[in-house]
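Below you'll find the structure, written out as structure tokens, and then a few comments.
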Amino acid sequence: ITAKQAATLGVKTVSLAESRPGKGVALPAQVAIPNSQLHVVSAPLAGLVQSALAAAGQAVKKGQVLVRLQSPALIEAQRDFLHGAVQARLARETLARDEKLFKEGIIAESRYLAAKSAFAQAAATLNERRQALRLFGMSDAAIGRLEGGQVLRDTVEILSPTDGVVLEQSAVAGQRVEAGAPLYTVA
């Protein structure tokens with residue numbers, strides 16, 4: 001159409017305004033996240049969500065604390081670990097003593113072998129209990145502090161497994177959760 005026809009029809013034109021950050025054009029779309037980049041963060045044990053430190057849509061870094069979870073089961077697991085550490089230390093001392101006595105010919109080989117077997121069993125039990133604490137979210141440093149200072153903690157910090165964005169928050173502060181319950185989805 002000509003300019004005269006446009007004026008007669010009441011057609012007006014305006015220059016496009018510069019777009020402002022945060023304001024975009026909404027288009028129908030769907031975001032598909034590859035399974036390899038999707039992480040569901042679950043409660044490693046039953047307990048009470050003491051604090052939820054991230055919200056849906058928030059960017060998080062790998063290792064950032066997402067949730068603090070209080071659990072009596074964590075105290076029991078730490079107690080079992082400390083008991084296993086004492087048993088392993090006692091078995092190691094007994095083995096060292098019996099090995100020395102066996103080399104000197106004072107005790108029978110069967111007693112030395114029994115001490116060796118008891119130490120191996122105690123060490124395996126301690127390793128199993130250490131692995132359980134790791135599964136419950138305790139770091140090696142925290143386990144070392146527990147073994148050195150023997151101070152039990154009732155709270156475990158659950159960390160983000162990757163850099164990403166929180167897609168979904170499934171638990172809130174004050175909520176009781178069962179072991180394996182989803183807490184966050186991070187991608």
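How things are named: the first chain in the structure tokens is A, the next is B, and so on; residues count from 1 in each chain; ligands count from 1 in the order shown.
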### Task
Write out as an MDAnalysis selection string the residues lying within 12 Å of Leu126 of chain A, counting only C-alpha atoms and excluding same-chain residues fewer than 2 positions away.
chainID A and resid 77:89 91 119:124 128:133 143 147
All alpha helix (DSSP H) residues (DSSP, backbone) inside segment 7-146 of chain A, as a ChimeraX atom specification:
/A:7-9,72-103,109-135,140-146
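Here atom CA of Arg68 of chain A stands at a distance of 8.1 Å from atom CA of Leu53 of chain A.
Among the candidates A:Thr13, A:Ser170, A:Thr162, A:Gln175, the one nearest to Ala59 of chain A when counting only C-alpha atoms is A:Thr162.
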The residue from A:Leu45, A:Ala114, A:Leu183, A:Val40 with the smallest atom-to-atom distance to Phe136 of chain A, counting only C-alpha atoms, is A:Leu45
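Near Val60 of chain A, within 6 Å and counting only C-alpha atoms, sit Asp163, Gly164 and Val165 of chain A, not including residues fewer than 4 positions from it in the same chain.
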Kindly save the residues from that selection, with C-alpha atoms included, as a tab-separated table (two decimals), in the first residue's frame.
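In the end it all went to selection_25.tsv:
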```
chain	number	residue	atom	x	y	z
A	163	ASP	CA	27.15	-27.33	39.16
A	164	GLY	CA	23.69	-26.55	37.87
A	165	VAL	CA	20.24	-25.22	38.59
```
Check your understanding: Which parts of segment 12-185 of chain A does DSSP call strand (DSSP E or B) when run on the backbone here, written out as an MDAnalysis selection string?
Key -> chainID A and resid 39:42 47:52 59:60 65:70 155:159 164:169 176:177 182:185
